[in-house]
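Coordinates from protein-v4.pdb are shown below (PDB, C-alpha atoms).
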ATOM      1  CA  MET A   1     -19.062 -23.236  30.709
ATOM      2  CA  TYR A   2     -16.840 -24.112  27.803
ATOM      3  CA  ARG A   3     -17.587 -22.501  24.467
ATOM      4  CA  HIS A   4     -16.158 -22.958  20.974
ATOM      5  CA  ILE A   5     -15.471 -19.800  18.959
ATOM      6  CA  THR A   6     -14.021 -18.871  15.597
ATOM      7  CA  ALA A   7     -12.173 -15.573  15.742
ATOM      8  CA  ILE A   8      -9.765 -13.105  14.162
ATOM      9  CA  PRO A   9      -6.896 -12.008  16.472
ATOM     10  CA  LEU A  10      -6.576  -8.227  16.657
ATOM     11  CA  ARG A  11      -4.160  -7.344  19.467
ATOM     12  CA  THR A  12      -2.071  -9.058  22.139
ATOM     13  CA  VAL A  13      -0.825  -7.304  25.283
ATOM     14  CA  ARG A  14       1.248  -8.647  28.155
ATOM     15  CA  TYR A  15      -0.855  -9.198  31.289
ATOM     16  CA  SER A  16       1.684 -10.761  33.634
ATOM     17  CA  ASP A  17       4.908 -12.753  33.534
ATOM     18  CA  LYS A  18       2.948 -15.862  32.628
ATOM     19  CA  SER A  19      -0.055 -14.625  30.640
ATOM     20  CA  SER A  20      -1.209 -12.311  27.858
ATOM     21  CA  ILE A  21      -4.574 -10.869  26.894
ATOM     22  CA  LEU A  22      -5.667 -11.424  23.314
ATOM     23  CA  THR A  23      -8.377  -9.229  21.808
ATOM     24  CA  VAL A  24     -10.306 -11.024  19.057
ATOM     25  CA  LEU A  25     -13.299 -10.421  16.835
ATOM     26  CA  THR A  26     -15.506 -13.499  16.988
ATOM     27  CA  SER A  27     -17.655 -14.778  14.153
ATOM     28  CA  ASP A  28     -20.890 -14.043  16.021
ATOM     29  CA  SER A  29     -20.357 -12.205  19.316
ATOM     30  CA  GLY A  30     -18.327  -9.115  18.526
ATOM     31  CA  GLN A  31     -15.042  -8.494  20.333
ATOM     32  CA  MET A  32     -13.810 -10.631  23.210
ATOM     33  CA  SER A  33     -10.800 -10.580  25.511
ATOM     34  CA  LEU A  34      -9.068 -13.941  25.987
ATOM     35  CA  LEU A  35      -6.497 -14.906  28.612
ATOM     36  CA  MET A  36      -3.598 -16.974  27.252
ATOM     37  CA  SER A  37      -0.957 -18.650  29.370
ATOM     38  CA  ASP A  38       2.583 -17.777  28.319
ATOM     39  CA  THR A  39       5.112 -20.007  30.002
ATOM     40  CA  GLY A  40       7.699 -19.742  27.261
ATOM     41  CA  GLY A  41       7.381 -23.359  26.119
ATOM     42  CA  ARG A  42       6.524 -24.871  22.757
ATOM     43  CA  GLU A  43       2.771 -24.411  23.258
ATOM     44  CA  SER A  44       3.200 -20.714  24.042
ATOM     45  CA  ARG A  45       5.287 -20.239  20.900
ATOM     46  CA  ARG A  46       2.653 -22.061  18.855
ATOM     47  CA  ARG A  47      -0.097 -19.824  20.214
ATOM     48  CA  ARG A  48       1.899 -16.668  19.498
ATOM     49  CA  ALA A  49       2.299 -17.805  15.905
ATOM     50  CA  LEU A  50      -1.409 -18.557  15.623
ATOM     51  CA  THR A  51      -2.456 -15.183  17.005
ATOM     52  CA  MET A  52      -0.676 -12.902  14.571
ATOM     53  CA  PRO A  53      -3.076 -10.103  13.539
ATOM     54  CA  MET A  54      -5.740 -11.172  11.022
ATOM     55  CA  SER A  55      -5.109 -14.902  11.394
ATOM     56  CA  ILE A  56      -8.291 -16.960  11.658
ATOM     57  CA  ILE A  57      -8.392 -19.306  14.636
ATOM     58  CA  GLU A  58     -10.676 -21.633  16.567
ATOM     59  CA  CYS A  59     -10.656 -21.654  20.363
ATOM     60  CA  GLU A  60     -12.307 -23.409  23.236
ATOM     61  CA  ILE A  61     -12.728 -20.859  26.016
ATOM     62  CA  ASP A  62     -13.983 -20.916  29.588
ATOM     63  CA  VAL A  63     -16.925 -18.482  29.815
ATOM     64  CA  ARG A  64     -18.217 -17.664  33.283
ATOM     65  CA  PRO A  65     -20.852 -15.109  34.375
ATOM     66  CA  GLY A  66     -19.420 -11.773  35.440
ATOM     67  CA  ARG A  67     -16.078 -12.277  33.712
ATOM     68  CA  ASP A  68     -14.886 -10.014  30.897
ATOM     69  CA  ILE A  69     -11.716 -12.017  30.176
ATOM     70  CA  HIS A  70     -12.094 -15.668  29.233
ATOM     71  CA  PRO A  71      -9.274 -18.223  29.644
ATOM     72  CA  VAL A  72      -8.291 -20.190  26.559
ATOM     73  CA  ARG A  73      -8.252 -23.977  26.917
ATOM     74  CA  GLU A  74      -7.448 -24.990  23.347
ATOM     75  CA  MET A  75      -6.505 -23.135  20.169
ATOM     76  CA  ARG A  76      -5.904 -24.177  16.582
ATOM     77  CA  ALA A  77      -5.757 -22.616  13.133
ATOM     78  CA  HIS A  78      -9.017 -22.286  11.220
ATOM     79  CA  ALA A  79      -7.446 -20.918   8.036
ATOM     80  CA  VAL A  80      -3.714 -20.618   7.331
ATOM     81  CA  TYR A  81      -2.184 -17.827   5.198
ATOM     82  CA  PRO A  82       1.619 -18.104   5.317
ATOM     83  CA  GLU A  83       1.802 -15.484   2.538
ATOM     84  CA  ILE A  84       0.831 -12.847   5.100
ATOM     85  CA  THR A  85       3.134 -13.777   7.991
ATOM     86  CA  ALA A  86       6.140 -14.355   5.714
ATOM     87  CA  ASP A  87       5.893 -10.997   3.918
ATOM     88  CA  PRO A  88       6.672  -7.807   5.907
ATOM     89  CA  SER A  89       4.430  -5.687   3.674
ATOM     90  CA  ARG A  90       1.443  -7.989   4.064
ATOM     91  CA  ALA A  91       2.105  -8.317   7.803
ATOM     92  CA  ALA A  92       2.086  -4.506   8.115
ATOM     93  CA  ILE A  93      -1.210  -4.348   6.248
ATOM     94  CA  ALA A  94      -2.645  -7.036   8.548
ATOM     95  CA  MET A  95      -1.649  -4.981  11.610
ATOM     96  CA  PHE A  96      -3.367  -1.955  10.080
ATOM     97  CA  MET A  97      -6.504  -3.969   9.328
ATOM     98  CA  ALA A  98      -6.613  -5.302  12.882
ATOM     99  CA  GLU A  99      -6.364  -1.804  14.382
ATOM    100  CA  VAL A 100      -9.156  -0.491  12.165
ATOM    101  CA  ILE A 101     -11.414  -3.469  12.934
ATOM    102  CA  GLN A 102     -10.826  -3.065  16.662
ATOM    103  CA  ALA A 103     -11.888   0.588  16.478
ATOM    104  CA  VAL A 104     -14.882   0.107  14.183
ATOM    105  CA  PHE A 105     -16.307  -2.901  16.051
ATOM    106  CA  ARG A 106     -15.318  -1.712  19.529
ATOM    107  CA  ASP A 107     -18.864  -1.411  20.885
ATOM    108  CA  SER A 108     -20.444  -4.220  18.899
ATOM    109  CA  GLY A 109     -21.844  -7.099  20.947
ATOM    110  CA  THR A 110     -22.521  -9.159  17.836
ATOM    111  CA  THR A 111     -20.864  -9.820  14.501
ATOM    112  CA  GLU A 112     -23.204  -9.920  11.532
ATOM    113  CA  ALA A 113     -22.657 -12.752   9.049
ATOM    114  CA  THR A 114     -22.155 -10.171   6.277
ATOM    115  CA  ALA A 115     -19.377  -8.468   8.228
ATOM    116  CA  TRP A 116     -17.648 -11.725   9.144
ATOM    117  CA  GLY A 117     -17.769 -12.931   5.543
ATOM    118  CA  ALA A 118     -16.389  -9.621   4.248
ATOM    119  CA  LEU A 119     -13.514  -9.630   6.731
ATOM    120  CA  THR A 120     -12.465 -13.219   6.120
ATOM    121  CA  ASP A 121     -12.684 -12.605   2.362
ATOM    122  CA  ALA A 122     -10.438  -9.555   2.820
ATOM    123  CA  VAL A 123      -7.822 -11.696   4.589
ATOM    124  CA  ALA A 124      -7.911 -14.231   1.753
ATOM    125  CA  THR A 125      -7.613 -11.407  -0.784
ATOM    126  CA  LEU A 126      -4.590  -9.948   0.999
ATOM    127  CA  ALA A 127      -2.895 -13.343   0.855
ATOM    128  CA  SER A 128      -3.714 -13.846  -2.826
ATOM    129  CA  LEU A 129      -2.552 -10.527  -4.326
ATOM    130  CA  ARG A 130       0.486 -10.883  -6.564
ATOM    131  CA  ARG A 131       1.006  -7.440  -8.100
ATOM    132  CA  THR A 132       2.977  -4.929  -6.021
ATOM    133  CA  ARG A 133       0.693  -2.069  -7.122
ATOM    134  CA  ALA A 134      -2.413  -4.004  -6.080
ATOM    135  CA  LEU A 135      -0.881  -4.720  -2.665
ATOM    136  CA  ALA A 136      -0.066  -1.034  -2.207
ATOM    137  CA  VAL A 137      -3.654   0.006  -2.980
ATOM    138  CA  PHE A 138      -5.236  -2.760  -0.876
ATOM    139  CA  PRO A 139      -5.386  -0.752   2.411
ATOM    140  CA  LEU A 140      -7.488   1.907   0.661
ATOM    141  CA  TRP A 141      -9.784  -0.732  -0.810
ATOM    142  CA  PHE A 142     -10.113  -2.323   2.625
ATOM    143  CA  MET A 143     -11.102   1.016   4.154
ATOM    144  CA  ALA A 144     -13.854   1.330   1.541
ATOM    145  CA  ARG A 145     -15.160  -2.098   2.625
ATOM    146  CA  MET A 146     -15.003  -0.987   6.261
ATOM    147  CA  ALA A 147     -17.025   2.131   5.439
ATOM    148  CA  PHE A 148     -19.728  -0.163   4.066
ATOM    149  CA  LEU A 149     -19.667  -2.402   7.144
ATOM    150  CA  ALA A 150     -19.806   0.634   9.431
ATOM    151  CA  GLY A 151     -22.831   1.999   7.571
ATOM    152  CA  ILE A 152     -21.080   5.148   6.334
ATOM    153  CA  GLU A 153     -20.277   4.188   2.731
ATOM    154  CA  PRO A 154     -20.871   7.149   0.386
ATOM    155  CA  ASP A 155     -23.971   6.900  -1.782
ATOM    156  CA  THR A 156     -22.734   6.650  -5.398
ATOM    157  CA  GLY A 157     -26.198   7.240  -6.889
ATOM    158  CA  GLY A 158     -25.285  10.771  -7.929
ATOM    159  CA  ALA A 159     -21.790   9.896  -9.173
ATOM    160  CA  GLY A 160     -20.866  10.781 -12.733
ATOM    161  CA  HIS A 161     -18.226  12.537 -14.806
ATOM    162  CA  GLY A 162     -16.902  15.517 -12.861
ATOM    163  CA  SER A 163     -18.997  14.798  -9.759
ATOM    164  CA  VAL A 164     -17.729  15.666  -6.275
ATOM    165  CA  LEU A 165     -18.002  13.782  -3.003
ATOM    166  CA  ASP A 166     -19.875  15.702  -0.345
ATOM    167  CA  MET A 167     -17.881  14.488   2.677
ATOM    168  CA  THR A 168     -20.372  15.875   5.173
ATOM    169  CA  GLU A 169     -23.463  14.227   3.695
ATOM    170  CA  GLY A 170     -21.711  11.146   2.287
ATOM    171  CA  ILE A 171     -23.132  11.532  -1.223
ATOM    172  CA  PHE A 172     -21.842  12.373  -4.701
ATOM    173  CA  ARG A 173     -23.074  15.602  -6.266
ATOM    174  CA  SER A 174     -22.855  17.080  -9.732
ATOM    175  CA  SER A 175     -21.419  20.294  -8.249
ATOM    176  CA  ALA A 176     -19.844  21.462  -4.996
ATOM    177  CA  PRO A 177     -22.189  21.944  -2.043
ATOM    178  CA  THR A 178     -22.603  25.397  -0.537
ATOM    179  CA  ALA A 179     -21.549  24.228   2.926
ATOM    180  CA  GLY A 180     -19.497  21.457   4.525
ATOM    181  CA  GLU A 181     -16.426  19.596   3.285
ATOM    182  CA  TRP A 182     -16.171  18.097  -0.168
ATOM    183  CA  LEU A 183     -13.610  16.593  -2.539
ATOM    184  CA  SER A 184     -12.731  17.969  -5.949
ATOM    185  CA  PRO A 185     -13.503  15.769  -9.011
ATOM    186  CA  ASP A 186     -10.176  13.867  -9.154
ATOM    187  CA  PRO A 187     -10.105  12.572  -5.549
ATOM    188  CA  SER A 188     -13.866  12.051  -5.775
ATOM    189  CA  ARG A 189     -13.278   9.748  -8.735
ATOM    190  CA  VAL A 190     -10.734   7.794  -6.688
ATOM    191  CA  ALA A 191     -13.248   7.495  -3.844
ATOM    192  CA  ARG A 192     -15.890   6.172  -6.238
ATOM    193  CA  LEU A 193     -13.475   3.655  -7.765
ATOM    194  CA  LEU A 194     -12.476   2.358  -4.341
ATOM    195  CA  THR A 195     -16.152   1.804  -3.567
ATOM    196  CA  THR A 196     -16.915  -0.074  -6.780
ATOM    197  CA  LEU A 197     -13.628  -1.632  -7.960
ATOM    198  CA  PRO A 198     -13.308  -5.438  -7.611
ATOM    199  CA  ALA A 199     -10.254  -6.616  -5.709
ATOM    200  CA  HIS A 200      -8.723  -8.296  -8.761
ATOM    201  CA  HIS A 201      -8.612  -4.900 -10.544
ATOM    202  CA  LEU A 202      -6.802  -3.002  -7.796
ATOM    203  CA  SER A 203      -3.621  -2.656  -9.841
ATOM    204  CA  LEU A 204      -5.571  -0.479 -12.304
ATOM    205  CA  LEU A 205      -6.089   2.307  -9.764
ATOM    206  CA  PRO A 206      -3.811   5.180 -10.892
ATOM    207  CA  LEU A 207      -2.202   6.188  -7.578
ATOM    208  CA  ASP A 208       1.473   6.630  -6.756
ATOM    209  CA  GLY A 209       2.872   6.698  -3.217
ATOM    210  CA  PRO A 210       1.992  10.336  -2.423
ATOM    211  CA  GLY A 211      -1.434   9.838  -4.006
ATOM    212  CA  ARG A 212      -2.126   6.808  -1.817
ATOM    213  CA  ARG A 213      -1.072   8.652   1.332
ATOM    214  CA  ASP A 214      -3.271  11.588   0.387
ATOM    215  CA  ALA A 215      -6.207   9.246  -0.276
ATOM    216  CA  MET A 216      -5.700   7.546   3.106
ATOM    217  CA  THR A 217      -5.667  10.932   4.860
ATOM    218  CA  ARG A 218      -8.967  11.829   3.192
ATOM    219  CA  ILE A 219     -10.508   8.463   4.112
ATOM    220  CA  LEU A 220      -9.489   8.797   7.749
ATOM    221  CA  ARG A 221     -10.956  12.302   7.760
ATOM    222  CA  TYR A 222     -14.206  10.915   6.339
ATOM    223  CA  PHE A 223     -14.405   8.272   9.074
ATOM    224  CA  ALA A 224     -13.771  10.916  11.758
ATOM    225  CA  MET A 225     -16.493  13.145  10.310
ATOM    226  CA  HIS A 226     -18.903  10.230  10.649
ATOM    227  CA  ASN A 227     -18.053   9.556  14.301
ATOM    228  CA  ILE A 228     -15.388   6.877  13.829
ATOM    229  CA  PRO A 229     -12.093   8.547  14.801
ATOM    230  CA  LEU A 230      -9.020   6.611  13.676
ATOM    231  CA  THR A 231      -6.367   9.159  14.565
ATOM    232  CA  SER A 232      -4.285   6.913  16.844
ATOM    233  CA  LEU A 233      -3.443   4.109  14.427
ATOM    234  CA  LYS A 234       0.076   3.028  15.423
ATOM    235  CA  SER A 235       0.487   0.854  12.331
ATOM    236  CA  LEU A 236      -0.039   3.646   9.783
ATOM    237  CA  PRO A 237       3.575   4.953   9.687
ATOM    238  CA  VAL A 238       4.842   1.373   9.335
ATOM    239  CA  LEU A 239       2.341   0.777   6.555
ATOM    240  CA  HIS A 240       3.485   3.882   4.648
ATOM    241  CA  ALA A 241       7.132   2.865   5.065
ATOM    242  CA  LEU A 242       6.750  -0.734   3.893
ATOM    243  CA  VAL A 243       3.966  -0.614   1.310
ATOM    244  CA  ARG A 244       5.320   1.516  -1.533
TER     245      ARG A 244
END
Let me see the structure of the file written as structure tokens.
Amino acid sequence: MYRHITAIPLRTVRYSDKSSILTVLTSDSGQMSLLMSDTGGRESRRRRALTMPMSIIECEIDVRPGRDIHPVREMRAHAVYPEITADPSRAAIAMFMAEVIQAVFRDSGTTEATAWGALTDAVATLASLRRTRALAVFPLWFMARMAFLAGIEPDTGGAGHGSVLDMTEGIFRSSAPTAGEWLSPDPSRVARLLTTLPAHHLSLLPLDGPGRRDAMTRILRYFAMHNIPLTSLKSLPVLHALVR
């Protein structure tokens, strides 16, 4: 049975001399594995260009009962963002985003409309950013959006001047808890800003390179504490090197 899907490419691996397996997040059915022919011709080159991480594509696939990998019959662009593929920094961020999405949505058999809308909006935002500082902070802002989609976003109801983030409970407190891990007021303020700051104000976040790396380490620790380990992200060193 042929089926039409809209999807975000996440990862491509070589399967044989003439084919590759593309992992995608679909707009409604969670992650899928697609089989793409790779004969080295013009069509193969076109498909490789279309399936860069965090592109948005449309495919017609052959879905058959009992199969986990579905052959691709046709593929075309759904939305085109040359700003991402042409810029090494944005391309590195897109690779990072794709790895995180693959881990967070690994076991999801469906994709909620809210999640799909948030992810496609994030791709458009990445393409639209013009300030270097905003681009550097974007991965942290994206991780805050992913925390929301994963259902582990900290509750900011108790946030205020001098409050601390209780990492274990995922809430802001007026003072440090007696047990568990927590952040001091300054990194807690950064965490709250990342949760509430609109994308067009990202350049206002007061973080230099070491501060951003420290914030990312704390975010990854928070995800791990809430049962989403992201310790094997291959794109993170590249991201730190390119996005300064």
Quiz prompt | Result set, the PyMOL selection byres ((chain A and resi 169) around 12) on current file, as a list of chain:residue names | solution =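 This file, filtered by the PyMOL selection byres ((chain A and resi 169) around 12), leaves A:Ile152, A:Glu153, A:Pro154, A:Asp155, A:Thr156, A:Val164, A:Leu165, A:Asp166, A:Met167, A:Thr168, A:Gly170, A:Ile171, A:Phe172, A:Arg173, A:Ala176, A:Pro177, A:Thr178, A:Ala179, A:Gly180, A:Glu181, A:Trp182, A:Leu183, A:Tyr222, A:Met225, A:His226.
Note on the selection: in this file the PyMOL selection byres ((chain A and resi 202) around 10) comes out as Leu129, Arg131, Arg133, Ala134, Leu135, Ala136, Val137, Phe138, Leu140, Trp141, Leu193, Leu194, Leu197, Pro198, Ala199, His200, His201, Ser203, Leu204, Leu205 and Pro206 of chain A.
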For the residues in that selection, give me C-alpha atoms as an mmCIF file, keeping the file's coordinate frame.
data_model
loop_
_atom_site.group_PDB
_atom_site.id
_atom_site.type_symbol
_atom_site.label_atom_id
_atom_site.label_comp_id
_atom_site.auth_asym_id
_atom_site.auth_seq_id
_atom_site.Cartn_x
_atom_site.Cartn_y
_atom_site.Cartn_z
ATOM 1 C CA LEU A 129 -2.552 -10.527 -4.326
ATOM 2 C CA ARG A 131 1.006 -7.440 -8.100
ATOM 3 C CA ARG A 133 0.693 -2.069 -7.122
ATOM 4 C CA ALA A 134 -2.413 -4.004 -6.080
ATOM 5 C CA LEU A 135 -0.881 -4.720 -2.665
ATOM 6 C CA ALA A 136 -0.066 -1.034 -2.207
ATOM 7 C CA VAL A 137 -3.654 0.006 -2.980
ATOM 8 C CA PHE A 138 -5.236 -2.760 -0.876
ATOM 9 C CA LEU A 140 -7.488 1.907 0.661
ATOM 10 C CA TRP A 141 -9.784 -0.732 -0.810
ATOM 11 C CA LEU A 193 -13.475 3.655 -7.765
ATOM 12 C CA LEU A 194 -12.476 2.358 -4.341
ATOM 13 C CA LEU A 197 -13.628 -1.632 -7.960
ATOM 14 C CA PRO A 198 -13.308 -5.438 -7.611
ATOM 15 C CA ALA A 199 -10.254 -6.616 -5.709
ATOM 16 C CA HIS A 200 -8.723 -8.296 -8.761
ATOM 17 C CA HIS A 201 -8.612 -4.900 -10.544
ATOM 18 C CA SER A 203 -3.621 -2.656 -9.841
ATOM 19 C CA LEU A 204 -5.571 -0.479 -12.304
ATOM 20 C CA LEU A 205 -6.089 2.307 -9.764
ATOM 21 C CA PRO A 206 -3.811 5.180 -10.892
#
Exercise. Taking the file as shown, find all residues satisfying the PyMOL selection byres ((chain A and resi 22-25) around 10) and write them as a ChimeraX atom specification.
Key: /A:5-15,19-21,26-36,48,51,53-54,56-57,69-72,98,101-102,105-106,108,110-111,116
Quiz item: A:Asn227, A:Asp208, A:Ser174, A:Ala159: which is nearest Thr195 in chain A, counting all atoms listed in the file?
Solution: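 Ranked by minimum distance to Thr195 in chain A, first place goes to A:Ala159.
Among the candidates A:Thr120, A:Ser55, A:Thr231, A:Thr132, the residue lying nearest to Ser89 in chain A is A:Thr132 (atoms considered: only C-alpha atoms).
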Self-check item: Atom pair CA of Asp121 in chain A / CA of Arg73 in chain A: separation (Å)
Solution: 27.4 Å
Quiz prompt | Closest of A:Ala113, A:Ala91, A:Ala150, A:Ala144 to Val190 in chain A - atom-to-atom distances counting all atoms listed in the file | solution =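 Once distances to Val190 in chain A are computed over all atoms listed in the file, the minimum belongs to A:Ala144.
Using only C-alpha atoms for every distance, the candidate list A:Val123, A:Phe148, A:Ser16, A:Ser184 yields A:Ser184 as the residue closest to Gly162 in chain A.
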Quiz item: Can you tell me how far CA of Ile219 in chain A sits from CA of Ile84 in chain A, in Å to one decimal?
Solution: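 Rounded to one decimal, the two atoms are 24.2 Å apart.
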Self-check item: Nearest to Leu233 in chain A by atom-to-atom distance, counting all atoms listed in the file, from A:Ala124, A:Met146, A:Leu207, A:Ala103
Solution: A:Ala103
Practice problem: One decimal, Å: what's the distance from CA of Ala122 in chain A over to CA of Glu74 in chain A, could you say? | Solution: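 CA of Ala122 in chain A sits 25.9 Å away from CA of Glu74 in chain A.
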Per-axis box centre and lengths in Å around range 38-43 of chain A, 3 Å margin per side, axis-aligned, as AutoDock Vina command-line options:
--center_x 5.1 --center_y -21.3 --center_z 26.4 --size_x 11.1 --size_y 13.1 --size_z 13.2
Practice problem: For the point (-15.4, 10.6, -12.8) in the file's frame, write as a ChimeraX atom specification all residues with an atom no more than 7 Å away, counting all atoms listed in the file. | Solution: /A:160-163,185,189
Practice problem: Enumerate, as a ChimeraX atom specification, the protein, DNA and RNA residues whose atoms approach (-9.4, -1.9, 7.4) to within 6 Å, taking into account only C-alpha atoms and the coordinate frame of the file. | Solution: /A:97,100,142-143,146
Practice problem: Would you mind listing what lies within 9 Å of Met75 in chain A as a PyMOL selection string, with all atoms listed in the file counted and same-chain residues fewer than 2 positions away left out? | Solution: chain A and resi 47+50+57-61+72-73+77
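Among A:Ala191, A:Val63, A:Leu126, A:Met216, the residue with the shortest atom-to-atom distance to Leu230 in chain A, counting all atoms listed in the file, is A:Met216.
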